[in-house]
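**Q** One file is attached below, structure_7.cif, containing mmCIF, C-alpha atoms and all ligand atoms.
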data_query
loop_
_atom_site.label_atom_id
_atom_site.label_comp_id
_atom_site.auth_asym_id
_atom_site.auth_seq_id
_atom_site.Cartn_x
_atom_site.Cartn_y
_atom_site.Cartn_z
CA MET A 1 0.00 0.00 0.00
CA PRO A 2 2.69 2.61 0.85
CA ALA A 3 4.62 1.62 -2.32
CA ALA A 4 1.51 2.01 -4.47
CA GLU A 5 0.75 5.32 -2.82
CA GLY A 6 4.32 6.46 -3.44
CA MET A 7 3.98 5.60 -7.12
CA ALA A 8 0.64 7.40 -7.34
CA ASP A 9 2.12 10.50 -5.74
CA GLY A 10 4.61 10.74 -8.55
CA LEU A 11 2.09 10.14 -11.31
CA ILE A 12 -0.89 12.14 -10.13
CA SER A 13 -1.16 15.89 -10.67
CA GLU A 14 -0.79 18.27 -7.74
CA ARG A 15 -4.18 19.59 -8.77
CA VAL A 16 -5.86 16.27 -8.12
CA ARG A 17 -3.79 15.43 -5.06
CA GLY A 18 -4.84 18.81 -3.67
CA LEU A 19 -8.47 17.73 -3.84
CA GLY A 20 -7.91 15.34 -0.95
CA SER A 21 -10.33 12.51 -0.32
CA GLY A 22 -13.28 14.82 0.38
CA VAL A 23 -15.85 14.59 3.08
CA PHE A 24 -18.25 12.42 1.09
CA ALA A 25 -15.52 9.86 0.33
CA ARG A 26 -14.45 9.72 3.96
CA ASN A 27 -18.03 9.28 5.05
CA ASP A 28 -18.52 6.58 2.43
CA ARG A 29 -15.67 4.51 3.84
CA ARG A 30 -17.08 4.82 7.34
CA LYS A 31 -20.55 3.84 6.13
CA GLN A 32 -19.23 0.74 4.40
CA ALA A 33 -17.33 -0.30 7.50
CA TYR A 34 -20.39 0.23 9.68
CA ALA A 35 -22.74 -1.64 7.33
CA ALA A 36 -20.38 -4.64 7.24
CA ALA A 37 -20.00 -4.67 11.03
CA ALA A 38 -23.75 -4.19 11.57
CA ALA A 39 -24.58 -7.16 9.33
CA ALA A 40 -22.04 -9.38 11.10
CA GLN A 41 -22.86 -8.34 14.67
CA GLY A 42 -26.62 -7.67 14.54
CA MET A 43 -26.30 -3.93 15.15
CA PRO A 44 -29.03 -1.51 13.98
CA PRO A 45 -29.01 -1.01 10.21
CA LEU A 46 -27.29 2.03 8.71
CA LEU A 47 -29.50 5.12 8.56
CA ASP A 48 -27.84 7.32 5.98
CA LEU A 49 -28.79 10.96 6.47
CA SER A 50 -25.57 12.27 4.98
CA LEU A 51 -26.54 12.81 1.32
CA GLY A 52 -29.21 14.90 -0.35
CA SER A 53 -30.31 11.83 -2.30
CA THR A 54 -34.01 11.54 -1.71
CA ASP A 55 -36.29 8.55 -1.14
CA LEU A 56 -39.12 10.49 -2.85
CA GLN A 57 -40.08 9.42 -6.34
CA PRO A 58 -39.87 11.24 -9.68
CA PRO A 59 -43.05 11.90 -11.69
CA ALA A 60 -44.30 8.80 -13.52
CA VAL A 61 -44.66 10.82 -16.75
CA ALA A 62 -40.92 11.47 -16.76
CA LEU A 63 -40.04 7.80 -16.26
CA GLU A 64 -42.56 6.77 -18.92
CA ALA A 65 -41.12 9.25 -21.42
CA ILE A 66 -37.62 7.84 -20.78
CA ARG A 67 -38.89 4.26 -21.17
CA GLN A 68 -40.59 5.02 -24.48
CA GLN A 69 -37.67 6.94 -25.93
CA LEU A 70 -35.19 4.24 -24.84
CA ALA A 71 -36.60 1.98 -27.54
CA GLU A 72 -35.60 4.48 -30.24
CA PRO A 73 -32.22 3.77 -31.88
CA ALA A 74 -31.36 7.48 -31.72
CA SER A 75 -31.23 7.21 -27.93
CA ALA A 76 -28.20 4.95 -28.18
CA ALA A 77 -26.30 7.34 -30.44
CA TYR A 78 -24.06 10.21 -29.44
CA CYS A 79 -26.23 13.25 -28.99
CA LEU A 80 -24.63 16.26 -30.61
CA HIS A 81 -25.77 19.72 -29.79
CA GLY A 82 -28.45 20.10 -32.50
CA ALA A 83 -30.37 17.15 -31.09
CA THR A 84 -30.72 18.92 -27.77
CA ARG A 85 -32.86 21.71 -29.29
CA PRO A 86 -36.22 20.29 -28.08
CA PHE A 87 -34.74 20.15 -24.59
CA ARG A 88 -33.44 23.71 -24.81
CA GLU A 89 -36.80 24.91 -26.10
CA ALA A 90 -38.56 23.22 -23.17
CA VAL A 91 -36.14 24.96 -20.80
CA ALA A 92 -36.74 28.36 -22.41
CA ALA A 93 -40.51 27.86 -22.11
CA TRP A 94 -40.08 26.87 -18.44
CA ALA A 95 -37.98 30.00 -17.78
CA GLN A 96 -40.69 32.12 -19.38
CA ARG A 97 -43.40 30.56 -17.19
CA ARG A 98 -41.33 30.41 -14.02
CA PHE A 99 -39.54 33.77 -14.11
CA ALA A 100 -41.25 35.69 -16.93
CA VAL A 101 -37.88 35.87 -18.68
CA ALA A 102 -37.43 35.42 -22.43
CA VAL A 103 -34.43 33.16 -22.94
CA ASP A 104 -32.87 32.28 -26.30
CA PRO A 105 -32.85 28.46 -26.47
CA ASP A 106 -29.95 28.41 -28.93
CA ARG A 107 -27.61 30.87 -27.27
CA GLU A 108 -28.53 31.02 -23.60
CA VAL A 109 -29.35 27.43 -22.58
CA LEU A 110 -27.07 24.45 -22.07
CA LEU A 111 -27.86 20.85 -21.11
CA LEU A 112 -25.66 19.50 -18.29
CA VAL A 113 -24.82 16.11 -16.81
CA GLY A 114 -26.00 17.36 -13.41
CA SER A 115 -25.55 20.89 -12.12
CA GLN A 116 -22.47 19.74 -10.20
CA GLU A 117 -20.81 18.98 -13.51
CA GLY A 118 -21.66 22.48 -14.74
CA THR A 119 -20.45 24.39 -11.71
CA ALA A 120 -17.29 22.27 -11.49
CA HIS A 121 -16.43 22.81 -15.18
CA LEU A 122 -17.29 26.52 -15.33
CA PRO A 123 -14.04 27.75 -13.69
CA LEU A 124 -12.03 25.98 -16.40
CA ALA A 125 -14.05 27.89 -18.99
CA VAL A 126 -13.72 31.36 -17.46
CA LEU A 127 -10.57 31.46 -15.30
CA ASN A 128 -6.84 31.40 -15.92
CA PRO A 129 -4.48 29.72 -13.43
CA GLY A 130 -4.01 31.91 -10.37
CA ASP A 131 -7.22 33.91 -10.87
CA GLN A 132 -9.24 34.62 -7.76
CA ALA A 133 -12.81 33.51 -7.19
CA LEU A 134 -15.24 34.14 -4.35
CA LEU A 135 -17.03 31.36 -2.49
CA LEU A 136 -19.36 31.55 0.46
CA ASP A 137 -18.13 29.70 3.55
CA PRO A 138 -19.64 27.20 4.08
CA TYR A 139 -19.82 26.24 0.40
CA TYR A 140 -20.98 23.26 -1.66
CA PRO A 141 -17.85 21.09 -2.01
CA SER A 142 -17.74 20.95 -5.81
CA HIS A 143 -17.67 24.75 -5.96
CA ARG A 144 -14.28 24.62 -4.28
CA GLY A 145 -13.22 21.54 -6.23
CA GLY A 146 -13.95 23.28 -9.53
CA LEU A 147 -11.67 26.16 -8.58
CA GLN A 148 -8.96 23.73 -7.60
CA LEU A 149 -9.17 21.92 -10.95
CA ALA A 150 -8.76 25.27 -12.69
CA SER A 151 -5.74 26.17 -10.49
CA ALA A 152 -7.67 29.21 -9.26
CA GLN A 153 -7.43 30.86 -5.84
CA PRO A 154 -10.53 30.71 -3.63
CA ARG A 155 -11.42 33.70 -1.46
CA LEU A 156 -13.92 32.73 1.22
CA LEU A 157 -16.72 34.98 2.44
CA PRO A 158 -17.88 33.66 5.83
CA LEU A 159 -21.63 33.44 6.47
CA ALA A 160 -22.71 34.13 10.04
CA ALA A 161 -25.67 32.48 11.77
CA ASP A 162 -26.42 35.68 13.70
CA ARG A 163 -27.01 37.46 10.36
CA GLY A 164 -29.36 34.70 9.26
CA PHE A 165 -26.54 33.61 6.89
CA ALA A 166 -26.95 36.80 4.85
CA PRO A 167 -23.70 37.51 2.99
CA ASP A 168 -21.96 40.70 4.06
CA TRP A 169 -20.51 41.83 0.75
CA ASP A 170 -18.69 44.70 2.49
CA GLN A 171 -16.30 42.22 4.10
CA LEU A 172 -14.25 42.70 0.93
CA SER A 173 -12.69 46.03 -0.01
CA ALA A 174 -13.27 47.53 -3.47
CA GLY A 175 -9.73 46.44 -4.38
CA GLN A 176 -10.44 42.86 -3.29
CA TRP A 177 -13.61 42.84 -5.38
CA ASP A 178 -11.65 44.13 -8.37
CA ALA A 179 -9.17 41.27 -7.98
CA LEU A 180 -11.94 38.65 -8.37
CA LYS A 181 -12.80 37.05 -11.72
CA LEU A 182 -15.66 34.81 -10.61
CA MET A 183 -18.04 34.23 -7.74
CA VAL A 184 -19.84 30.94 -7.21
CA LEU A 185 -22.70 30.83 -4.75
CA GLY A 186 -26.28 29.72 -4.44
CA PHE A 187 -29.46 30.60 -2.55
CA PRO A 188 -31.35 28.56 -1.38
CA HIS A 189 -28.08 27.60 0.26
CA ASN A 190 -26.67 24.17 0.93
CA PRO A 191 -25.53 23.38 3.63
CA THR A 192 -27.04 26.12 5.85
CA ALA A 193 -30.55 25.31 4.50
CA THR A 194 -31.28 29.03 4.15
CA THR A 195 -33.68 30.18 1.42
CA GLY A 196 -32.09 33.62 1.17
CA GLN A 197 -33.56 36.70 -0.43
CA GLN A 198 -33.78 38.12 -3.91
CA ALA A 199 -32.12 41.30 -2.61
CA TRP A 200 -28.99 39.28 -1.69
CA VAL A 201 -28.68 37.89 -5.20
CA ASP A 202 -29.45 41.26 -6.79
CA ALA A 203 -26.73 42.88 -4.68
CA ALA A 204 -24.26 40.17 -5.71
CA ALA A 205 -25.15 40.66 -9.38
CA ALA A 206 -24.71 44.42 -9.07
CA ARG A 207 -21.25 43.87 -7.53
CA ALA A 208 -20.37 41.44 -10.31
CA VAL A 209 -21.22 44.03 -12.94
CA ARG A 210 -19.46 46.85 -11.10
CA HIS A 211 -16.25 44.89 -10.60
CA GLY A 212 -16.29 42.98 -13.88
CA LEU A 213 -16.58 39.37 -12.70
CA VAL A 214 -18.65 36.35 -13.63
CA PHE A 215 -21.48 35.44 -11.27
CA ALA A 216 -22.35 31.72 -11.21
CA HIS A 217 -25.54 31.10 -9.25
CA ASP A 218 -26.10 27.46 -8.35
CA ASN A 219 -29.84 27.03 -7.90
CA PRO A 220 -30.90 23.35 -7.71
CA TYR A 221 -33.28 24.15 -4.81
CA VAL A 222 -35.12 27.00 -6.53
CA ASP A 223 -38.47 25.22 -6.09
CA LEU A 224 -37.80 23.93 -2.58
CA ALA A 225 -38.07 26.98 -0.34
CA LEU A 226 -40.20 26.24 2.72
CA GLU A 227 -40.34 29.84 3.90
CA GLY A 228 -40.33 32.78 1.53
CA GLU A 229 -39.68 32.78 -2.19
CA ALA A 230 -36.39 31.38 -3.47
CA PRO A 231 -34.21 33.96 -5.17
CA ALA A 232 -33.03 33.51 -8.75
CA LEU A 233 -30.35 35.24 -10.76
CA LEU A 234 -32.73 35.18 -13.73
CA ARG A 235 -34.96 37.62 -11.83
CA SER A 236 -32.08 40.02 -11.42
CA PRO A 237 -31.86 42.73 -14.09
CA HIS A 238 -28.11 42.16 -14.46
CA TRP A 239 -28.01 38.47 -15.37
CA ARG A 240 -27.24 38.97 -19.07
CA GLN A 241 -24.28 41.20 -18.26
CA CYS A 242 -22.44 38.84 -15.94
CA GLY A 243 -24.31 35.73 -15.03
CA ILE A 244 -24.97 32.06 -15.45
CA GLU A 245 -27.48 30.14 -13.35
CA PHE A 246 -27.57 26.38 -12.78
CA PHE A 247 -30.79 24.39 -12.35
CA SER A 248 -31.29 20.69 -11.76
CA PHE A 249 -33.82 17.87 -12.02
CA SER A 250 -32.19 16.13 -9.05
CA LYS A 251 -34.03 17.85 -6.21
CA GLY A 252 -37.35 19.23 -7.49
CA TRP A 253 -38.08 16.19 -9.67
CA CYS A 254 -36.17 13.52 -7.66
CA LEU A 255 -34.12 12.46 -10.70
CA GLY A 256 -30.64 12.73 -9.16
CA GLY A 257 -29.38 9.40 -10.48
CA TYR A 258 -30.30 10.37 -14.05
CA ARG A 259 -27.84 13.29 -14.00
CA LEU A 260 -29.97 15.92 -15.70
CA ALA A 261 -29.54 19.67 -15.30
CA PHE A 262 -29.13 22.84 -17.31
CA ALA A 263 -27.57 26.26 -17.27
CA ILE A 264 -29.16 29.49 -18.44
CA GLY A 265 -26.84 32.44 -18.83
CA ALA A 266 -25.18 35.20 -20.75
CA GLU A 267 -24.33 34.00 -24.25
CA PRO A 268 -20.50 34.25 -23.95
CA LEU A 269 -20.56 32.15 -20.77
CA ILE A 270 -22.86 29.51 -22.25
CA THR A 271 -20.69 29.39 -25.37
CA ALA A 272 -17.49 29.00 -23.35
CA LEU A 273 -18.95 26.24 -21.16
CA ARG A 274 -20.35 24.44 -24.21
CA GLN A 275 -16.94 24.61 -25.86
CA LEU A 276 -15.25 23.19 -22.77
CA LYS A 277 -17.83 20.43 -22.47
CA GLY A 278 -17.30 19.60 -26.14
CA VAL A 279 -13.93 18.21 -25.09
CA VAL A 280 -15.40 16.23 -22.22
CA ASP A 281 -18.82 14.79 -23.14
CA PHE A 282 -21.46 14.32 -25.83
CA ASN A 283 -24.57 15.32 -23.88
CA GLN A 284 -27.09 13.07 -22.22
CA SER A 285 -28.98 10.47 -24.24
CA LEU A 286 -32.14 11.56 -26.02
CA ALA A 287 -34.02 9.16 -23.74
CA LEU A 288 -32.96 11.06 -20.64
CA GLN A 289 -33.72 14.37 -22.30
CA ALA A 290 -37.23 13.07 -23.09
CA GLY A 291 -37.73 12.46 -19.37
CA ALA A 292 -36.51 15.96 -18.52
CA ILE A 293 -38.81 17.53 -21.11
CA ALA A 294 -41.77 15.57 -19.73
CA ALA A 295 -40.90 16.72 -16.20
CA LEU A 296 -40.85 20.39 -17.24
CA GLU A 297 -43.92 20.25 -19.47
CA GLN A 298 -46.16 17.64 -17.85
CA ALA A 299 -45.12 17.74 -14.20
CA PRO A 300 -44.13 21.37 -13.54
CA GLN A 301 -45.91 21.25 -10.16
CA TRP A 302 -43.91 18.23 -8.89
CA PRO A 303 -41.67 20.26 -6.57
CA GLU A 304 -44.78 21.83 -5.01
CA ARG A 305 -45.95 18.34 -4.04
CA LEU A 306 -42.64 17.65 -2.31
CA ARG A 307 -42.67 20.75 -0.14
CA PRO A 308 -45.33 19.68 2.40
CA ILE A 309 -43.58 16.31 2.77
CA TYR A 310 -40.25 17.98 3.54
CA ARG A 311 -41.95 20.54 5.78
CA GLU A 312 -43.50 17.78 7.91
CA ARG A 313 -40.18 15.92 8.06
CA ARG A 314 -38.39 19.12 9.07
CA ASP A 315 -40.88 19.96 11.81
CA ARG A 316 -41.16 16.43 13.25
CA MET A 317 -37.40 15.85 13.15
CA ALA A 318 -36.72 19.22 14.78
CA ALA A 319 -39.18 18.34 17.55
CA ALA A 320 -37.66 14.88 18.01
CA LEU A 321 -34.10 16.20 18.20
CA THR A 322 -35.07 19.00 20.58
CA ALA A 323 -36.75 16.42 22.81
CA ALA A 324 -33.51 14.42 22.66
CA GLY A 325 -31.54 17.40 23.97
CA TRP A 326 -30.24 18.68 20.64
CA PRO A 327 -31.47 22.23 19.89
CA VAL A 328 -32.45 22.88 16.26
CA ARG A 329 -32.61 26.13 14.30
CA LEU A 330 -35.54 25.61 11.93
CA PRO A 331 -34.29 25.85 8.33
CA SER A 332 -36.17 27.82 5.66
CA MET A 333 -35.59 25.37 2.78
CA ALA A 334 -36.36 21.70 2.27
CA LEU A 335 -34.06 18.69 2.51
CA TYR A 336 -31.56 19.60 5.24
CA LEU A 337 -31.10 20.54 8.87
CA TRP A 338 -27.90 22.46 9.59
CA LEU A 339 -27.16 21.69 13.21
CA GLU A 340 -24.64 23.06 15.65
CA LEU A 341 -22.91 20.22 17.47
CA PRO A 342 -25.04 19.36 20.48
CA PRO A 343 -23.89 20.71 23.87
CA GLN A 344 -22.98 17.18 25.02
CA ALA A 345 -20.55 16.80 22.08
CA ARG A 346 -18.97 20.19 22.67
CA ALA A 347 -18.54 19.33 26.37
CA ALA A 348 -16.81 16.10 25.30
CA GLY A 349 -14.41 18.12 23.12
CA LEU A 350 -15.52 16.58 19.82
CA ASP A 351 -15.14 18.36 16.50
CA ALA A 352 -17.59 17.79 13.64
CA GLU A 353 -15.65 14.96 12.03
CA SER A 354 -14.97 13.00 15.22
CA PHE A 355 -18.56 13.55 16.35
CA CYS A 356 -19.93 12.09 13.11
CA ALA A 357 -17.51 9.15 13.21
CA ARG A 358 -18.45 8.28 16.79
CA LEU A 359 -22.15 8.85 16.22
CA LEU A 360 -22.09 6.44 13.29
CA GLU A 361 -20.18 3.77 15.20
CA ALA A 362 -22.50 4.01 18.17
CA THR A 363 -25.90 4.46 16.51
CA GLY A 364 -25.64 3.61 12.81
CA VAL A 365 -26.85 7.14 11.94
CA CYS A 366 -24.64 8.84 9.39
CA LEU A 367 -24.52 12.65 9.17
CA THR A 368 -22.16 14.89 7.21
CA PRO A 369 -19.49 16.74 9.20
CA GLY A 370 -19.77 20.46 8.55
CA ASN A 371 -16.03 20.94 8.02
CA GLY A 372 -16.50 19.18 4.66
CA PHE A 373 -18.23 22.37 3.50
CA GLY A 374 -15.33 24.64 4.41
CA PRO A 375 -13.77 26.03 7.59
CA GLY A 376 -17.00 27.88 8.39
CA GLY A 377 -18.78 24.52 8.68
CA GLU A 378 -16.67 23.35 11.64
CA GLY A 379 -18.78 22.86 14.75
CA HIS A 380 -21.79 21.87 12.62
CA VAL A 381 -23.28 18.79 10.98
CA ARG A 382 -25.75 18.45 8.12
CA LEU A 383 -28.69 16.09 8.37
CA ALA A 384 -30.60 15.23 5.18
CA LEU A 385 -34.34 14.58 5.49
CA VAL A 386 -34.28 11.87 2.86
CA HIS A 387 -36.12 9.01 4.58
CA PRO A 388 -39.70 8.54 5.81
CA ILE A 389 -40.63 10.25 9.07
CA GLU A 390 -40.75 7.02 11.11
CA GLN A 391 -37.14 6.26 10.20
CA LEU A 392 -36.05 9.83 10.91
CA GLU A 393 -37.72 9.79 14.32
CA GLN A 394 -36.21 6.42 15.11
CA GLY A 395 -32.81 7.90 14.19
CA ALA A 396 -33.46 10.85 16.52
CA ARG A 397 -34.20 8.42 19.37
CA ARG A 398 -31.01 6.46 18.69
CA MET A 399 -28.98 9.68 18.64
CA GLY A 400 -30.70 10.98 21.79
CA GLN A 401 -29.90 7.81 23.74
CA TRP A 402 -26.26 8.04 22.72
CA LEU A 403 -26.02 11.75 23.53
CA ALA A 404 -27.41 11.09 27.00
CA GLN A 405 -24.47 8.76 27.67
CA LEU A 406 -21.77 11.07 26.25
C1 LIG B 501 -25.72 23.37 -4.11
C2 LIG B 501 -25.74 22.11 -4.90
N1 LIG B 501 -25.33 22.14 -6.17
C3 LIG B 501 -25.33 21.03 -6.92
C4 LIG B 501 -25.74 19.83 -6.41
C5 LIG B 501 -25.69 18.62 -7.28
O1 LIG B 501 -26.81 18.63 -8.11
P1 LIG B 501 -26.85 17.73 -9.42
O2 LIG B 501 -27.43 16.42 -9.01
O3 LIG B 501 -27.72 18.49 -10.36
O4 LIG B 501 -25.46 17.60 -9.92
C6 LIG B 501 -26.17 19.73 -5.09
C7 LIG B 501 -26.54 18.44 -4.53
O5 LIG B 501 -26.73 18.23 -3.37
C8 LIG B 501 -26.18 20.91 -4.33
O6 LIG B 501 -26.59 20.90 -3.05
#
Rewrite the coordinates I just gave you, this time as structure tokens.
**A**
Amino acid sequence: MPAAEGMADGLISERVRGLGSGVFARNDRRKQAYAAAAAAQGMPPLLDLSLGSTDLQPPAVALEAIRQQLAEPASAAYCLHGATRPFREAVAAWAQRRFAVAVDPDREVLLLVGSQEGTAHLPLAVLNPGDQALLLDPYYPSHRGGLQLASAQPRLLPLAADRGFAPDWDQLSAGQWDALKLMVLGFPHNPTATTGQQAWVDAAAARAVRHGLVFAHDNPYVDLALEGEAPALLRSPHWRQCGIEFFSFSKGWCLGGYRLAFAIGAEPLITALRQLKGVVDFNQSLALQAGAIAALEQAPQWPERLRPIYRERRDRMAAALTAAGWPVRLPSMALYLWLELPPQARAAGLDAESFCARLLEATGVCLTPGNGFGPGGEGHVRLALVHPIEQLEQGARRMGQWLAQL
């Protein structure tokens, strides 16, 4: 093992080595070890609350459209850009209905293999090595990873709980803003589970225009605000001057495994990202695109049906954790709770990573350590509401019993 690692060190780029193993990979190893031990020793089964991968189902019309189109030979062929026009037209029509914005399907829309793919590739399309880019802290891990792959320099803007996680853009001087080439952020915000406000995004877009940088707004939760209305860059008057916004079928339509998403943005940014992706992929199969089109056109209300389910999960889980001695700040968006480490864990001197490791070993409940989302996530964990309420409440009881013994 050390010899193989030594060889790999020599052969693997600094860029990739700098990525480290990542919080999700570390968690994955721990989950596998727990699941194996649990099966052998009759421990409680793994309850995985560490990923935003939902148990809720996609619309049947989307799955049926995929099934039907799978039988067509064209679905097995490479899908060059022209073949994606029906998809891009469906996206433009959705943008018109959703945001009252007229979008050019040929120049301002791009199909993606998941929004993560898009946000991770964008820095390569718009930055030169050494350029600076702004991230919120905590951030979504691939936002940082994308900068690393492009040999760019991240500048972190800490979000504070006592400001309701509102970004304080004045933390940077005018000169520091001028030095930036890109900012990547998203509201509703993962991991703080904060819906955010249109005014925050508008202010960011105004800064981007004033200081001449690209604004990438990652918006896979646009339809999953539980309180308030989710902001969108497309609603901001400046989007065509500086912006690109990323949307996904993974959360609102529960199609995460199908890897379907799209970007809408200023033509030069869409063109640059398309050019970059031309080196990397050939677009999703027509069959998958058929499912995405059906979701947009025949099941546009699907995310609305998910919201009450997530709201009930949020409220019941918050009550269960509070009863177990773990105070909860109620989040304003679906899918996650962003929790400070419970007092018992802080008293025991545990950090986020060691808390999650010990919690998993002791209870079989897997959460994500907040430090995986940047230094600002230390002292926190993220819990994903991706199982039925009974399982979530059972998990809360298991965690409560363990906390009582800490
Ligand atoms: C902020 C954010 N962006 C992107 C993604 C990934 O979305 P997709 O499945 O479209 O790649 C996630 C998934 O959790 C996310 O939270």
**Q** Please return as a PDB file with C-alpha atoms, keeping the file's coordinate frame the residues found within 8 Å of ligand LIG 501 (chain B), counting all atoms listed in the file.
**A**
ATOM      1  CA  LEU A  51     -26.540  12.810   1.320  1.00  0.00           C
ATOM      2  CA  GLY A  52     -29.210  14.900  -0.350  1.00  0.00           C
ATOM      3  CA  SER A  53     -30.310  11.830  -2.300  1.00  0.00           C
ATOM      4  CA  VAL A 113     -24.820  16.110 -16.810  1.00  0.00           C
ATOM      5  CA  GLY A 114     -26.000  17.360 -13.410  1.00  0.00           C
ATOM      6  CA  SER A 115     -25.550  20.890 -12.120  1.00  0.00           C
ATOM      7  CA  GLN A 116     -22.470  19.740 -10.200  1.00  0.00           C
ATOM      8  CA  GLU A 117     -20.810  18.980 -13.510  1.00  0.00           C
ATOM      9  CA  GLY A 118     -21.660  22.480 -14.740  1.00  0.00           C
ATOM     10  CA  THR A 119     -20.450  24.390 -11.710  1.00  0.00           C
ATOM     11  CA  TYR A 139     -19.820  26.240   0.400  1.00  0.00           C
ATOM     12  CA  TYR A 140     -20.980  23.260  -1.660  1.00  0.00           C
ATOM     13  CA  SER A 142     -17.740  20.950  -5.810  1.00  0.00           C
ATOM     14  CA  GLY A 186     -26.280  29.720  -4.440  1.00  0.00           C
ATOM     15  CA  HIS A 189     -28.080  27.600   0.260  1.00  0.00           C
ATOM     16  CA  ASN A 190     -26.670  24.170   0.930  1.00  0.00           C
ATOM     17  CA  PRO A 191     -25.530  23.380   3.630  1.00  0.00           C
ATOM     18  CA  ASP A 218     -26.100  27.460  -8.350  1.00  0.00           C
ATOM     19  CA  ASN A 219     -29.840  27.030  -7.900  1.00  0.00           C
ATOM     20  CA  PRO A 220     -30.900  23.350  -7.710  1.00  0.00           C
ATOM     21  CA  TYR A 221     -33.280  24.150  -4.810  1.00  0.00           C
ATOM     22  CA  PHE A 247     -30.790  24.390 -12.350  1.00  0.00           C
ATOM     23  CA  SER A 248     -31.290  20.690 -11.760  1.00  0.00           C
ATOM     24  CA  PHE A 249     -33.820  17.870 -12.020  1.00  0.00           C
ATOM     25  CA  SER A 250     -32.190  16.130  -9.050  1.00  0.00           C
ATOM     26  CA  LYS A 251     -34.030  17.850  -6.210  1.00  0.00           C
ATOM     27  CA  LEU A 255     -34.120  12.460 -10.700  1.00  0.00           C
ATOM     28  CA  GLY A 256     -30.640  12.730  -9.160  1.00  0.00           C
ATOM     29  CA  GLY A 257     -29.380   9.400 -10.480  1.00  0.00           C
ATOM     30  CA  ARG A 259     -27.840  13.290 -14.000  1.00  0.00           C
ATOM     31  CA  LEU A 260     -29.970  15.920 -15.700  1.00  0.00           C
ATOM     32  CA  ALA A 261     -29.540  19.670 -15.300  1.00  0.00           C
TER      33      ALA A 261
END
**Q** Show which residues sit within 9 Å of Gln401 in chain A, as a count of residues only. Count all atoms listed in the file, and ignore same-chain residues fewer than 5 positions away.
**A** 3
**Q** Out of A:Ala93, A:Leu136, A:Met399, A:Ala152, which residue has the shortest atom-to-atom distance to Ala345 in chain A when counting all atoms listed in the file?
**A**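 Answer, going by the shortest atom-to-atom distance: A:Met399.
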**Q** Using CA of Glu64 in chain A and CA of Ala295 in chain A as the two end points, give the distance in Å to one decimal.
**A**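 Between CA of Glu64 in chain A and CA of Ala295 in chain A the gap is 10.4 Å.
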**Q** List as a ChimeraX atom specification the protein and nucleic acid residues near Pro375 in chain A, meaning an atom at most 10 Å away when only C-alpha atoms are counted, but skip any in the same chain fewer than 3 places from it.
**A** /A:137-139,156,158,370-372,378-379
**Q** Quick one: everything within 9 Å of Leu80 in chain A, counting only C-alpha atoms, minus sequence neighbours fewer than 2 positions away in the same chain. Send it as a list of chain:residue names.
**A** A:Tyr78, A:Gly82, A:Ala83, A:Thr84, A:Phe282, A:Asn283
**Q** Could you please determine the separation between CA of Trp239 in chain A and CA of Leu269 in chain A in Å, to one decimal place?
**A**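 Calculated distance between CA of Trp239 in chain A and CA of Leu269 in chain A is 11.2 Å.
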**Q** Which of these residues is nearest to Gly377 in chain A, using only C-alpha atoms: A:Pro86, A:Ala334, A:Pro129, A:Leu341?
**A**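 Among the listed residues, the smallest separation from Gly377 in chain A belongs to A:Leu341.
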**Q** Here is a test: counting only C-alpha atoms, which residue of A:Met43, A:Ala299, A:Leu286, A:Val101 is nearest to Arg85 in chain A?
**A** A:Leu286
**Q** If I wrap all listed atoms of range 78-81 of chain A in a box with edges along x, y and z and add 8 Å on each side, what are its centre and edge lengths in Å to one decimal, as JSON?
**A**
{"center_x": -25.1, "center_y": 15.0, "center_z": -29.8, "size_x": 18.2, "size_y": 25.5, "size_z": 17.6}
**Q** Interatomic distance between CA of Leu135 in chain A and CA of Ala205 in chain A?
**A**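 Distance reported for this atom pair: 14.1 Å.
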**Q** Quick one: of A:Ala33, A:Val103, A:Leu149, A:Ala404, who's nearest to Gly18 in chain A, counting only C-alpha atoms?
**A**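 Among the listed residues, the smallest separation from Gly18 in chain A belongs to A:Leu149.
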**Q** Can you tell me which residues surround Leu70 in chain A at a distance of at most 12 Å, considering all atoms listed in the file, apart from same-chain residues fewer than 5 positions away, and format the answer as an MDAnalysis selection string?
**A** chainID A and resid 63:65 75:77 285:291
**Q** Using all atoms listed in the file, which residue out of A:Thr54, A:Ala161, A:Ala216, A:Pro167 lies closest to Val184 in chain A?
**A**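 Looking only at the distances to Val184 in chain A, the closest residue turns out to be A:Ala216.
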**Q** Let me make sure I understand: among A:Leu224, A:Leu124, A:Ala95, A:Ile293, which one has the smallest atom-to-atom distance to Leu306 in chain A if we use all atoms listed in the file?
**A**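 That would be A:Leu224, the residue with the smallest distance to Leu306 in chain A.
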**Q** Might you pull out every residue within 6 Å of Phe215 in chain A, with only C-alpha atoms counted and same-chain residues fewer than 6 positions away left off, and present them as a PyMOL selection string?
**A** chain A and resi 182-183+242-243
**Q** For the point (-38.4, 22.6, -23.0) in file coordinates, what residues are within 9 Å, counting only C-alpha atoms? Give the answer as a PyMOL selection string?
**A** chain A and resi 85-94+105+292-294+296-297
